[in-house]
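What follows is the content of final-v6.txt, which has compact mmCIF, C-alpha atoms:
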# COMPACT_ATOMS: atom_id res chain seq x y z
CA MET A 81 129.39 -86.97 71.30
CA LYS A 82 132.21 -85.95 69.02
CA THR A 83 133.11 -89.41 67.73
CA SER A 84 131.27 -90.19 64.49
CA ARG A 85 129.43 -93.45 63.83
CA ARG A 86 131.89 -94.21 61.02
CA SER A 87 134.77 -94.00 63.49
CA PHE A 88 133.00 -96.30 65.92
CA LEU A 89 132.42 -98.94 63.23
CA ALA A 90 136.02 -98.76 62.06
CA GLN A 91 137.12 -99.50 65.61
CA ALA A 92 134.52 -102.26 65.98
CA ALA A 93 135.97 -104.07 62.99
CA ILE A 94 139.21 -104.35 64.99
CA ALA A 95 137.78 -104.78 68.49
CA ALA A 96 134.33 -106.36 68.58
CA THR A 97 133.87 -105.25 72.16
CA LEU A 98 133.22 -101.67 71.09
CA SER A 99 129.56 -100.89 70.46
CA PRO A 100 128.77 -98.61 67.48
CA PHE A 101 126.73 -95.49 68.04
CA ILE A 102 123.54 -94.55 66.28
CA LEU A 103 120.66 -92.42 67.45
CA PRO A 104 117.49 -94.41 68.20
CA SER A 105 115.18 -94.79 65.20
CA ARG A 106 112.41 -93.00 67.03
CA VAL A 107 114.39 -89.73 66.88
CA ARG A 108 113.07 -87.50 64.13
CA ALA A 109 115.39 -86.94 61.18
CA ALA A 110 115.31 -83.20 61.80
CA GLU A 111 116.96 -83.78 65.20
CA THR A 112 119.70 -86.02 63.82
CA SER A 113 123.16 -84.85 62.82
CA PRO A 114 124.19 -86.05 59.33
CA ASN A 115 127.51 -87.19 60.85
CA SER A 116 125.74 -89.72 63.09
CA LEU A 117 123.79 -91.40 60.29
CA LEU A 118 124.37 -95.00 59.29
CA ASN A 119 125.89 -95.20 55.81
CA MET A 120 123.90 -97.76 53.82
CA ALA A 121 124.13 -99.31 50.36
CA PHE A 122 121.19 -100.81 48.48
CA ILE A 123 121.81 -103.69 46.08
CA GLY A 124 119.24 -104.84 43.52
CA MET A 125 116.98 -101.88 42.77
CA GLY A 126 113.75 -103.57 41.68
CA ILE A 127 110.34 -102.88 43.20
CA GLN A 128 111.16 -104.49 46.56
CA ASN A 129 114.34 -102.56 47.24
CA ARG A 130 112.83 -99.30 46.01
CA GLY A 131 110.22 -99.75 48.74
CA LEU A 132 112.90 -100.58 51.30
CA LEU A 133 115.01 -97.61 50.20
CA ASP A 134 112.04 -95.28 50.58
CA ASN A 135 111.43 -96.72 54.05
CA PHE A 136 115.04 -96.54 55.22
CA LEU A 137 115.58 -92.99 53.93
CA TYR A 138 113.23 -91.69 56.62
CA ARG A 139 115.24 -93.45 59.33
CA ASP A 140 118.65 -92.52 60.73
CA ILE A 141 120.58 -93.64 57.66
CA LYS A 142 122.21 -92.06 54.66
CA ALA A 143 122.00 -93.88 51.33
CA VAL A 144 125.53 -93.57 49.92
CA ALA A 145 125.39 -96.29 47.25
CA VAL A 146 122.88 -98.03 45.00
CA CYS A 147 123.81 -101.02 42.87
CA ASP A 148 122.05 -102.75 40.01
CA VAL A 149 123.15 -104.47 36.80
CA ASP A 150 120.35 -102.61 34.99
CA THR A 151 121.34 -99.02 34.15
CA THR A 152 117.74 -97.78 34.09
CA ARG A 153 116.90 -99.11 37.55
CA ARG A 154 120.21 -97.92 38.97
CA GLU A 155 119.77 -94.36 37.69
CA HIS A 156 116.14 -94.28 38.86
CA ALA A 157 117.27 -95.23 42.38
CA LEU A 158 119.89 -92.47 42.33
CA LYS A 159 117.22 -89.95 41.41
CA MET A 160 115.06 -91.18 44.30
CA VAL A 161 117.88 -90.49 46.73
CA GLU A 162 118.72 -87.15 45.12
CA LYS A 163 115.12 -85.97 45.38
CA PHE A 164 114.91 -87.09 49.00
CA HIS A 165 117.98 -85.04 49.93
CA ALA A 166 116.63 -82.04 48.05
CA ASP A 167 113.49 -82.25 50.21
CA HIS A 168 115.32 -83.07 53.48
CA SER A 169 118.30 -80.78 53.91
CA GLU A 170 118.76 -81.99 57.50
CA LYS A 171 120.12 -85.26 56.06
CA GLY A 172 123.08 -83.45 54.55
CA ALA A 173 124.15 -83.12 50.93
CA PHE A 174 123.30 -85.75 48.33
CA ALA A 175 126.32 -88.06 48.09
CA CYS A 176 125.04 -91.33 46.64
CA LYS A 177 126.95 -93.21 43.95
CA GLY A 178 125.68 -95.86 41.53
CA TYR A 179 127.41 -99.19 40.88
CA ASN A 180 127.02 -102.07 38.46
CA ASP A 181 129.25 -104.46 40.47
CA PHE A 182 128.44 -105.13 44.14
CA ARG A 183 132.11 -105.92 44.83
CA GLU A 184 132.94 -102.24 44.43
CA VAL A 185 130.36 -101.48 47.12
CA MET A 186 131.95 -103.99 49.50
CA ALA A 187 135.36 -102.38 48.97
CA ARG A 188 134.13 -99.07 50.40
CA LYS A 189 135.22 -98.79 54.03
CA ASP A 190 132.71 -96.01 54.75
CA ILE A 191 129.66 -98.22 54.14
CA ASP A 192 128.30 -99.64 57.40
CA ALA A 193 125.37 -101.78 56.21
CA VAL A 194 123.83 -103.12 53.03
CA CYS A 195 120.25 -103.88 52.03
CA ILE A 196 120.01 -106.74 49.51
CA ALA A 197 116.95 -107.38 47.36
CA THR A 198 118.31 -109.13 44.28
CA PRO A 199 116.88 -112.34 42.81
CA ASP A 200 117.37 -115.25 45.23
CA HIS A 201 120.34 -116.84 43.44
CA TRP A 202 122.45 -113.79 44.38
CA HIS A 203 121.39 -113.47 48.03
CA ALA A 204 124.07 -115.61 49.69
CA LEU A 205 126.97 -114.50 47.49
CA ILE A 206 126.37 -110.82 48.21
CA THR A 207 125.49 -111.42 51.87
CA LEU A 208 128.69 -113.39 52.45
CA ALA A 209 130.75 -110.69 50.75
CA ALA A 210 129.15 -108.06 52.98
CA LEU A 211 129.66 -110.06 56.17
CA GLU A 212 133.31 -110.70 55.36
CA ALA A 213 133.73 -106.98 54.64
CA GLY A 214 132.47 -106.20 58.14
CA LYS A 215 129.10 -104.82 57.11
CA ASP A 216 125.73 -105.48 58.73
CA VAL A 217 123.08 -106.91 56.42
CA TYR A 218 119.38 -106.62 55.74
CA CYS A 219 118.68 -109.33 53.14
CA GLU A 220 115.37 -110.17 51.58
CA LYS A 221 113.83 -113.61 52.02
CA PRO A 222 114.46 -116.40 51.36
CA LEU A 223 117.88 -115.76 52.84
CA THR A 224 119.57 -118.24 50.49
CA HIS A 225 119.07 -120.22 47.30
CA ASN A 226 120.08 -123.62 48.70
CA ILE A 227 120.79 -125.43 51.98
CA HIS A 228 124.58 -125.17 51.81
CA GLU A 229 124.33 -121.39 51.45
CA ALA A 230 122.09 -121.14 54.52
CA ILE A 231 124.64 -123.02 56.62
CA GLU A 232 127.47 -120.82 55.33
CA VAL A 233 125.60 -117.55 55.94
CA MET A 234 124.71 -118.52 59.50
CA ALA A 235 128.35 -119.37 60.18
CA ALA A 236 129.67 -116.18 58.55
CA ALA A 237 127.37 -113.88 60.51
CA LYS A 238 128.52 -115.49 63.76
CA ARG A 239 132.20 -115.52 62.76
CA ASN A 240 132.21 -111.86 61.74
CA LYS A 241 129.97 -110.72 64.62
CA ARG A 242 127.60 -108.95 62.24
CA VAL A 243 123.91 -108.11 62.59
CA LEU A 244 121.73 -109.72 59.92
CA GLN A 245 118.01 -109.21 59.47
CA THR A 246 116.13 -111.50 57.07
CA GLY A 247 113.23 -109.81 55.28
CA SER A 248 110.63 -112.29 56.58
CA MET A 249 108.79 -109.33 58.04
CA GLN A 250 105.67 -111.17 59.23
CA ARG A 251 107.47 -111.54 62.57
CA SER A 252 107.05 -107.77 62.89
CA MET A 253 103.28 -107.99 62.34
CA SER A 254 101.24 -108.21 65.53
CA GLU A 255 98.72 -110.77 64.27
CA PHE A 256 101.45 -113.34 63.63
CA ARG A 257 103.18 -112.69 66.95
CA VAL A 258 99.92 -113.04 68.89
CA ALA A 259 99.03 -116.23 67.02
CA CYS A 260 102.40 -117.76 67.87
CA GLU A 261 102.16 -116.66 71.51
CA LEU A 262 98.76 -118.34 71.82
CA VAL A 263 100.24 -121.53 70.40
CA ARG A 264 103.45 -121.39 72.43
CA ASN A 265 101.50 -120.80 75.68
CA GLY A 266 99.34 -123.88 75.10
CA VAL A 267 96.07 -121.97 74.78
CA ILE A 268 94.76 -124.38 72.13
CA GLY A 269 96.39 -127.42 73.71
CA LYS A 270 98.99 -129.72 72.24
CA ILE A 271 99.58 -128.88 68.58
CA GLU A 272 98.78 -131.76 66.28
CA ARG A 273 99.24 -130.26 62.83
CA VAL A 274 99.80 -127.02 60.94
CA THR A 275 98.91 -125.93 57.41
CA CYS A 276 100.58 -123.16 55.38
CA GLN A 277 99.10 -121.60 52.26
CA VAL A 278 102.08 -121.65 49.93
CA GLY A 279 102.38 -121.74 46.13
CA ASN A 280 103.93 -124.29 43.80
CA PRO A 281 107.56 -125.48 43.87
CA GLY A 282 110.16 -124.03 41.52
CA LYS A 283 110.60 -125.41 38.02
CA PRO A 284 113.38 -125.33 35.40
CA CYS A 285 113.39 -122.25 33.19
CA ASP A 286 112.06 -122.83 29.68
CA LEU A 287 111.53 -119.26 28.49
CA PRO A 288 112.27 -118.36 24.84
CA GLU A 289 114.95 -115.91 23.78
CA GLU A 290 114.13 -112.23 23.37
CA PRO A 291 116.26 -109.28 22.22
CA THR A 292 118.48 -108.17 25.10
CA GLU A 293 117.39 -105.16 27.13
CA PRO A 294 119.63 -102.12 26.39
CA GLY A 295 121.60 -101.07 29.44
CA LEU A 296 121.28 -104.44 31.17
CA ASP A 297 124.39 -106.46 32.02
CA TRP A 298 122.65 -109.76 31.30
CA ASP A 299 125.72 -111.91 31.98
CA PHE A 300 126.13 -110.34 35.43
CA TRP A 301 122.38 -110.68 36.13
CA GLN A 302 122.76 -114.44 35.61
CA GLY A 303 125.92 -114.57 37.71
CA PRO A 304 126.29 -118.05 39.26
CA ALA A 305 123.28 -119.43 37.34
CA PRO A 306 123.57 -121.38 34.06
CA VAL A 307 123.91 -119.25 30.92
CA ARG A 308 120.70 -118.77 28.97
CA PRO A 309 119.25 -116.19 26.54
CA TYR A 310 117.58 -113.07 27.88
CA ASN A 311 113.85 -113.03 28.52
CA SER A 312 111.99 -110.02 29.93
CA ILE A 313 110.01 -112.20 32.36
CA LEU A 314 113.26 -112.73 34.28
CA SER A 315 114.44 -109.12 34.21
CA PRO A 316 111.58 -106.87 33.02
CA ARG A 317 112.39 -103.90 30.87
CA GLY A 318 112.61 -100.51 32.53
CA VAL A 319 111.35 -99.53 35.98
CA ASN A 320 108.29 -101.65 36.73
CA ASP A 321 105.66 -101.63 39.47
CA PHE A 322 105.18 -105.39 39.74
CA PHE A 323 107.17 -108.31 41.13
CA PRO A 324 109.08 -110.10 38.33
CA ASN A 325 108.45 -113.78 37.74
CA TRP A 326 112.06 -114.98 37.90
CA ARG A 327 111.08 -116.52 41.26
CA THR A 328 109.07 -119.22 39.44
CA TYR A 329 112.23 -120.76 38.02
CA SER A 330 114.59 -122.91 40.10
CA GLU A 331 117.75 -121.43 38.58
CA TYR A 332 116.93 -118.07 40.20
CA GLY A 333 114.24 -118.67 42.83
CA GLY A 334 112.27 -121.48 44.38
CA GLY A 335 108.70 -120.94 43.22
CA GLY A 336 105.96 -120.24 45.74
CA VAL A 337 107.57 -122.74 48.12
CA CYS A 338 110.46 -120.32 48.65
CA ASP A 339 108.59 -117.07 47.99
CA PHE A 340 105.75 -117.28 50.52
CA GLY A 341 107.20 -120.34 52.22
CA ALA A 342 109.91 -118.06 53.60
CA HIS A 343 107.07 -116.14 55.26
CA HIS A 344 104.58 -118.82 56.27
CA PHE A 345 106.90 -121.73 57.09
CA ASP A 346 108.83 -119.16 59.11
CA ILE A 347 105.73 -118.47 61.19
CA ALA A 348 105.12 -122.21 61.59
CA GLN A 349 108.69 -122.58 62.86
CA TRP A 350 108.14 -119.69 65.29
CA GLY A 351 104.88 -121.12 66.63
CA LEU A 352 106.39 -124.58 67.05
CA ASP A 353 109.51 -123.23 68.83
CA MET A 354 111.74 -124.58 66.08
CA ASP A 355 113.73 -121.45 65.18
CA GLU A 356 117.05 -123.21 65.67
CA SER A 357 115.91 -126.58 64.39
CA GLY A 358 113.56 -127.94 61.74
CA PRO A 359 111.74 -131.03 60.49
CA VAL A 360 113.26 -134.50 60.49
CA GLU A 361 111.38 -135.59 57.40
CA VAL A 362 109.76 -134.06 54.32
CA ARG A 363 107.19 -136.10 52.43
CA PRO A 364 106.10 -135.37 48.87
CA PRO A 365 102.37 -135.42 48.12
CA GLU A 366 100.85 -138.83 47.53
CA GLN A 367 99.76 -137.93 43.99
CA ALA A 368 102.81 -138.18 41.72
CA ASP A 369 102.27 -134.93 39.80
CA ALA A 370 100.71 -132.83 42.59
CA LEU A 371 102.22 -129.37 43.18
CA THR A 372 100.79 -128.92 46.68
CA GLY A 373 100.43 -131.24 49.66
CA ALA A 374 104.08 -131.82 50.66
CA THR A 375 104.48 -132.23 54.41
CA PHE A 376 107.14 -131.58 57.05
CA VAL A 377 107.30 -134.00 59.97
CA TYR A 378 108.92 -132.82 63.20
CA GLU A 379 110.57 -135.02 65.81
CA ASN A 380 107.56 -134.69 68.14
CA GLY A 381 105.19 -135.91 65.41
CA VAL A 382 103.69 -132.53 64.50
CA THR A 383 103.18 -132.07 60.76
CA VAL A 384 103.22 -128.90 58.63
CA THR A 385 101.47 -129.32 55.29
CA GLN A 386 101.55 -127.05 52.26
CA VAL A 387 98.01 -126.18 51.07
CA ASP A 388 96.56 -123.88 48.42
CA LYS A 389 93.53 -122.57 50.34
CA GLY A 390 92.71 -121.12 53.74
CA PHE A 391 94.53 -118.74 56.04
CA ASN A 392 98.25 -118.19 55.54
CA VAL A 393 99.02 -120.33 58.60
CA GLU A 394 96.64 -122.51 60.64
CA PHE A 395 97.60 -124.22 63.90
CA PHE A 396 95.38 -127.15 64.93
CA GLY A 397 95.56 -128.06 68.61
CA ALA A 398 93.80 -130.58 70.82
CA ASP A 399 91.67 -127.78 72.32
CA GLY A 400 91.21 -125.35 69.46
CA VAL A 401 92.50 -123.74 66.29
CA VAL A 402 94.46 -120.54 65.60
CA LYS A 403 94.36 -119.16 62.05
CA VAL A 404 96.33 -116.14 60.88
CA SER A 405 96.93 -114.18 57.68
CA ARG A 406 98.18 -110.69 56.95
CA GLY A 407 95.45 -108.57 58.49
CA GLY A 408 93.38 -111.62 59.39
CA PHE A 409 93.01 -113.65 62.57
CA GLU A 410 90.68 -116.27 63.95
CA MET A 411 90.84 -118.42 67.07
CA THR A 412 88.35 -121.11 67.99
CA HIS A 413 88.52 -122.25 71.60
CA GLY A 414 85.95 -123.60 74.07
CA GLY A 415 83.06 -123.04 71.68
CA GLU A 416 84.03 -119.38 71.16
CA THR A 417 85.42 -117.82 67.98
CA ILE A 418 87.57 -114.69 68.35
CA THR A 419 88.51 -112.64 65.29
CA GLN A 420 90.38 -109.78 66.98
CA THR A 421 93.99 -110.23 68.07
CA ALA A 422 93.60 -107.58 70.79
CA LYS A 423 90.74 -109.51 72.38
CA ALA A 424 92.60 -112.82 72.20
CA GLU A 425 95.71 -111.21 73.66
CA LYS A 426 93.80 -109.61 76.53
CA GLN A 427 91.75 -112.70 77.29
CA TYR A 428 94.44 -115.39 77.04
CA LEU A 429 97.89 -113.78 77.20
CA ALA A 430 97.66 -111.33 80.11
CA ASP A 431 99.82 -113.62 82.25
CA ALA A 432 101.62 -115.45 79.47
CA LYS A 433 104.72 -117.39 80.44
CA VAL A 434 106.08 -117.29 76.91
CA VAL A 435 106.45 -113.75 75.57
CA LEU A 436 107.84 -113.58 72.05
CA TYR A 437 110.06 -110.92 70.52
CA HIS A 438 107.96 -107.79 69.99
CA SER A 439 108.93 -105.85 66.86
CA LYS A 440 106.64 -103.19 65.46
CA SER A 441 108.79 -102.38 62.42
CA HIS A 442 111.13 -104.74 60.61
CA THR A 443 113.43 -101.98 59.37
CA ASP A 444 113.46 -100.13 62.71
CA ASP A 445 114.25 -103.41 64.47
CA PHE A 446 117.26 -103.89 62.18
CA LEU A 447 118.59 -100.40 62.89
CA GLU A 448 118.07 -100.75 66.63
CA ARG A 449 119.95 -104.04 66.64
CA VAL A 450 122.76 -102.52 64.60
CA ALA A 451 123.00 -99.99 67.41
CA ASP A 452 122.97 -102.38 70.36
CA ARG A 453 124.51 -105.42 68.56
CA LYS A 454 121.77 -107.77 69.73
CA ARG A 455 119.94 -110.42 67.70
CA PRO A 456 117.09 -109.03 65.56
CA VAL A 457 113.63 -110.54 65.29
CA THR A 458 114.49 -112.53 62.14
CA SER A 459 118.24 -113.01 62.29
CA GLU A 460 120.33 -115.32 60.14
CA ILE A 461 119.34 -118.12 62.55
CA GLU A 462 115.59 -117.78 61.95
CA GLY A 463 116.07 -116.85 58.30
CA GLY A 464 118.56 -119.63 57.67
CA HIS A 465 116.50 -122.41 59.21
CA SER A 466 113.30 -121.25 57.51
CA ALA A 467 115.13 -121.13 54.17
CA ILE A 468 116.34 -124.69 54.77
CA CYS A 469 112.71 -125.76 55.25
CA CYS A 470 111.81 -124.24 51.88
CA HIS A 471 114.70 -125.93 50.11
CA LEU A 472 113.91 -129.30 51.70
CA MET A 473 110.34 -129.11 50.43
CA ASN A 474 111.51 -128.22 46.92
CA LEU A 475 113.85 -131.22 47.03
CA ALA A 476 110.93 -133.49 47.96
CA TYR A 477 109.05 -132.21 44.91
CA CYS A 478 112.06 -132.37 42.61
CA HIS A 479 113.01 -135.95 43.49
CA ARG A 480 109.51 -137.15 44.48
CA GLN A 481 110.81 -139.01 47.50
CA THR A 482 110.77 -138.63 51.25
CA ILE A 483 113.70 -136.56 52.47
CA LYS A 484 115.19 -137.59 55.83
CA TRP A 485 116.87 -134.63 57.57
CA ASP A 486 119.00 -134.20 60.69
CA PRO A 487 118.40 -130.61 61.88
CA ARG A 488 121.17 -130.85 64.48
CA LYS A 489 123.89 -131.88 62.04
CA GLN A 490 122.19 -129.94 59.21
CA THR A 491 122.57 -132.74 56.71
CA PHE A 492 120.63 -135.65 55.26
CA SER A 493 120.13 -138.67 57.52
CA ASP A 494 119.30 -140.97 54.58
CA PRO A 495 122.09 -142.16 52.22
CA SER A 496 119.64 -142.10 49.30
CA CYS A 497 119.76 -138.28 49.45
CA ALA A 498 122.84 -137.15 47.55
CA PRO A 499 125.13 -134.51 49.15
CA SER A 500 124.97 -132.62 45.84
CA TRP A 501 121.32 -131.81 46.61
CA LEU A 502 122.53 -129.46 49.34
CA THR A 503 124.08 -127.01 46.92
CA SER A 504 124.07 -125.72 43.33
CA ASN A 505 126.33 -125.93 40.29
CA TYR A 506 127.83 -122.43 40.35
CA ARG A 507 129.06 -120.87 37.15
CA ASP A 508 132.66 -119.68 37.32
CA PRO A 509 133.98 -117.57 38.93
CA TRP A 510 131.15 -117.67 41.51
CA LYS A 511 131.12 -120.18 44.32
CA VAL A 512 129.85 -120.59 47.90

Show how you would write the structure in this file as structure tokens.
Amino acid sequence: MKTSRRSFLAQAAIAATLSPFILPSRVRAAETSPNSLLNMAFIGMGIQNRGLLDNFLYRDIKAVAVCDVDTTRREHALKMVEKFHADHSEKGAFACKGYNDFREVMARKDIDAVCIATPDHWHALITLAALEAGKDVYCEKPLTHNIHEAIEVMAAAKRNKRVLQTGSMQRSMSEFRVACELVRNGVIGKIERVTCQVGNPGKPCDLPEEPTEPGLDWDFWQGPAPVRPYNSILSPRGVNDFFPNWRTYSEYGGGGVCDFGAHHFDIAQWGLDMDESGPVEVRPPEQADALTGATFVYENGVTVTQVDKGFNVEFFGADGVVKVSRGGFEMTHGGETITQTAKAEKQYLADAKVVLYHSKSHTDDFLERVADRKRPVTSEIEGGHSAICCHLMNLAYCHRQTIKWDPRKQTFSDPSCAPSWLTSNYRDPWKV
């Protein structure tokens, strides 16, 4: 095949009927021509994207750009790519460039896809820029920082005919898929309620001022968020091996409700067959100052409650219970308790009528869908609706009132909920 992948994508931007070419991810890098590799950019080079970069480098991609507003993290990522190419000559010469401004990345016509792992308040802005520039997107969860952004991202991915994978990678873990298949096939009977082990809601930032980190573009880090003094908790100094705590604060993240909610509520949505829908009501906890206990109510009466103990997700049915965590599984049915997914799958799903999307690797699934232009396991649809769930729960905590929601119209169904709650106050010149 003499036509390069870059040429295919250039044509696809004009005529969406043309399918881009990429060798299957199972092909070893040593057997892959550098000219057929997917050109990828990585934006936000903290601990999460360094892990993703290391993962993607071993696939059929070439990292041609890294972007971060912190000079130290940006240069460290460049060295990672340089070392990889020095050790893997079959991937071609090192040709990766560093950027401070993601808009320069989007202007490059040779970049096919981007991987975004910035703080949450940047997710939608960068994702929308990538989609409009004709690039496919792998974006970390939660997909957006508010409800309005989720609606806009879902629309943009469809309008631009782009592939988008949300980083809610539990859908690529067998224990969660098996748990949801058991639920969806009625093995434990009609589902009555679900619990999800999720942390506290986001809170306003109250951190004190610290001397600014040298080499950090602090104004750009804040971007659309309100201006405030630098604090190392938000953007830790240097290259760190821990997850920064910016996610606790509502200006940049959504607390545990958005952090692990984007994983566990996502699994609840999957198990309840609500990927393209959501709850009709969100109730705050009965105790006025409680930080757990908020509850989603679905149209069929099923509830999903945030808890602080137990398995990550627990489905309670009329005939049994399915509990699942990362690396953990337990099903109680007919007086028997099964703790192995393989046994439960063999015993109850051999002739299943509902067979869910089977992905063994979240990154491989993204690359395979970029190749065949099909919907990935956690597309903008799944990622967008699960993000909306997270934001609705944070709103119930913030305003301490029941939120009435219309998942079909994707808006509030109660006039006491202000339209302004759907979005954020963006700092100029940023806006969604």

_Residues near Cys285 of chain A, cut-off 9 Å, all atoms listed in the file, skip fewer than 5 positions along chain, as a VMD selection string_ = chain A and resid 326 328 to 332

*May I have the residues at most 8 Å from (111.6, -121.4, 45.7) in the file's coordinates, counting only C-alpha atoms, as a ChimeraX atom specification?*
/A:225,281-282,327-330,333-339,341,470-471,474

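Remark: for Cys276 of chain A, the closest of the candidate residues A:Ser169, A:Thr224, A:Ser405, A:Gln302 is A:Ser405 (distances computed over all atoms listed in the file).
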
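Compared by their closest atoms to Thr375 of chain A, and using all atoms listed in the file, the residues A:Asn311, A:Asn265, A:Thr275, A:Thr152 rank with A:Thr275 nearest.
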
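For Asn226 of chain A, the non-local neighbours within 10 Å, defined as residues at least 2 positions apart in the same chain or in other chains and counting all atoms listed in the file, are Asp200, His201, Ala204, Pro222, Leu223, Thr224, His228, Glu229, Ala230, Ile231, Gly333, Gly334, Gly464, Ala467, Ile468, Cys470, His471, Leu472, Asn474, Leu475, Trp501, Leu502, Thr503 and Ser504 of chain A.
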
*Using all atoms listed in the file, which of A:Ala213, A:Val233, A:Cys195, A:Ala342 sits nearest Phe446 of chain A?*
A:Cys195

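Atom CA of Thr458 of chain A lies 9.4 Å from atom CA of Gln250 of chain A.
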
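Of the listed residues A:Pro309, A:Gly247, A:Pro499, A:Gly397, the one whose atoms come nearest to Gly463 of chain A is A:Gly247, with distances taken using all atoms listed in the file.
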
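Coordinates place atom CA of Gly400 of chain A at a distance of 8.8 Å from atom CA of Gly415 of chain A.
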
*For atom CA of Asp216 of chain A and atom CA of Pro316 of chain A, determine how far apart the two atoms are, in Å to one decimal place.*
29.4 Å

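The nearest approach to Val274 of chain A among the residues A:Met125, A:Leu211, A:Val401, A:Ala498, with all atoms listed in the file taken into account, belongs to A:Val401.
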
*Shortest interatomic distance to Ser315 of chain A - which of A:Leu262, A:Ile127, A:Val161, A:Leu429, counting only C-alpha atoms*: A:Ile127

*asked:* Taking 3 positions as the minimum chain separation for residues in the same chain, which residues sit within 8 Å of segment 431-439 of chain A when counting all atoms listed in the file? Answer as a PyMOL selection string.
replied: chain A and resi 251-253+257+261+264-265+428+442+445+457

*Please determine the residues with any atom at most 10 Å from (117.6, -111.5, 34.1) (coordinates as given in the file, with all atoms listed in the file counting) and report them as an MDAnalysis selection string.*
chainID A and resid 149:150 199 292:293 296:303 308:317 324 326 332

*Neighbours of Ala237 of chain A within 9 Å (all atoms listed in the file; same-chain residues fewer than 5 positions away dropped), as a ChimeraX atom specification?*
/A:208,211-212,216,232,242-244,460

Can you write just those residues out, C-alpha atoms, as a compact mmCIF listing (two decimals), in the frame of the given file?
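Just written: result-v5.txt:
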# COMPACT_ATOMS: atom_id res chain seq x y z
CA LEU A 208 128.69 -113.39 52.45
CA LEU A 211 129.66 -110.06 56.17
CA GLU A 212 133.31 -110.70 55.36
CA ASP A 216 125.73 -105.48 58.73
CA GLU A 232 127.47 -120.82 55.33
CA ARG A 242 127.60 -108.95 62.24
CA VAL A 243 123.91 -108.11 62.59
CA LEU A 244 121.73 -109.72 59.92
CA GLU A 460 120.33 -115.32 60.14
